[in-house]
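Novice: Let me begin by handing over the structure; questions about it come next.
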Amino acid sequence: MAEITFDDFLKVDIRTGKVVKAEAFPEARKPAIKVWIDFGEEIGVRKTSAQITAHYSPETLIGKQVMGVVNFPPRQIGPFMSEVLLLGVPDEEGSIVLVSPDHDTPAGGRMH
């Protein structure tokens, strides 16, 4: 794996947000959920599509704190425009588990 500098790391804007809306995404090629995340006043609500159906349903995501990269350019996912990258790690079977703070934090807080 290539090393990066601390300045490279600072270019990636990772923020905490709270899921405010989630719904099934039946048009996706692989099972996915459309997710709207509130990143606070400065950034606002951003939407994304996430292949996280093994561990989450739209109903269980509402109110959940998550971490996301907010400074990638928007990306078209089928008929849906993704504006943020949710962060997660694979479990033993390769299904994604979302990364989230272990204590409540204000929406929009930047990862250090």
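Here, A, B, ... name the chains of the structure tokens in the order displayed, residue numbers run from 1 inside each chain, and ligands are numbered from 1 in the same displayed order.
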Which neighbours of His103 (chain A) fall inside 12 Å, counting only C-alpha atoms, when residues of the same chain fewer than 5 positions from it are skipped, and could you give them as a PyMOL selection string?
Specialist: chain A and resi 16+64-66
Novice: If you take only C-alpha atoms and a cut-off of 10 Å, which residues of region 57-101 of chain A touch region 32-50 of chain A, and what are their nearest atom pairs and distances in Å to one decimal, in chain and number order, as CSV?
Specialist:
residue,atom,partner,partner_atom,distance
A:Ser57,CA,A:Ile33,CA,7.6
A:Pro58,CA,A:Ile33,CA,6.7
A:Leu61,CA,A:Val35,CA,8.3
A:Ile62,CA,A:Val35,CA,9.0
A:Gly63,CA,A:Ile37,CA,9.2
A:Lys64,CA,A:Ile37,CA,9.3
A:Gln65,CA,A:Ile37,CA,8.8
A:Val66,CA,A:Ile37,CA,8.2
A:Met67,CA,A:Phe39,CA,9.4
A:Gly68,CA,A:Phe39,CA,9.0
A:Val70,CA,A:Ile43,CA,8.2
A:Pro74,CA,A:Thr48,CA,9.2
A:Arg75,CA,A:Thr48,CA,9.0
A:Gln76,CA,A:Ser49,CA,9.7
A:Ile77,CA,A:Ser49,CA,7.4
A:Gly78,CA,A:Ser49,CA,9.9
A:Phe80,CA,A:Ser49,CA,7.7
A:Met81,CA,A:Thr48,CA,7.1
A:Ser82,CA,A:Thr48,CA,4.2
A:Glu83,CA,A:Lys47,CA,5.5
A:Val84,CA,A:Thr48,CA,5.7
A:Leu85,CA,A:Thr48,CA,6.8
A:Leu86,CA,A:Ala50,CA,7.2
A:Leu87,CA,A:Ala50,CA,9.6
A:Gly88,CA,A:Ala50,CA,9.8
A:Ile96,CA,A:Ala50,CA,9.1
A:Leu98,CA,A:Ala50,CA,9.9
Novice: So which bits of region 29-103 of chain A end up helix (DSSP H, G or I) when you DSSP the backbone, as a list of chain:residue names?
Specialist: A:Pro58, A:Glu59, A:Thr60, A:Leu61
Novice: Let me make sure I understand: among A:Met111, A:Glu59, A:Pro101, A:Ser95, which one has the smallest atom-to-atom distance to Glu23 (chain A) if we use only C-alpha atoms?
Specialist: A:Glu59
Novice: Which residue, A:Asn71, A:Gly17, A:His55, A:Ala22, has the smallest gap to Ser100 (chain A) when you use only C-alpha atoms?
Specialist: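 The shortest atom-to-atom distance to Ser100 (chain A) comes from A:Gly17.
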Novice: Kindly give the distance, in Å, that separates CA of Pro106 (chain A) and CA of Asp13 (chain A), rounded to a single decimal.
Specialist: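 The value is 15.6 Å.
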Novice: Pull the strand (DSSP E) assignments for chain A out of DSSP run on the backbone, and list those residues as number ranges by chain.
Specialist: A: 14-24, 33-38, 45-50, 65-69, 75-77, 80-82, 85-86, 88-90, 96-98
Novice: Between CA of Tyr56 (chain A) and CA of Ala24 (chain A), what is the distance in Å, rounded to a tenth?
Specialist: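 Between these atoms lies a distance of 10.7 Å.
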Novice: Can you work out the spacing between CA of Phe9 (chain A) and CA of Glu92 (chain A) in Å, to one decimal?
Specialist: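 Atom-to-atom, CA of Phe9 (chain A) and CA of Glu92 (chain A) are spaced 27.6 Å apart.
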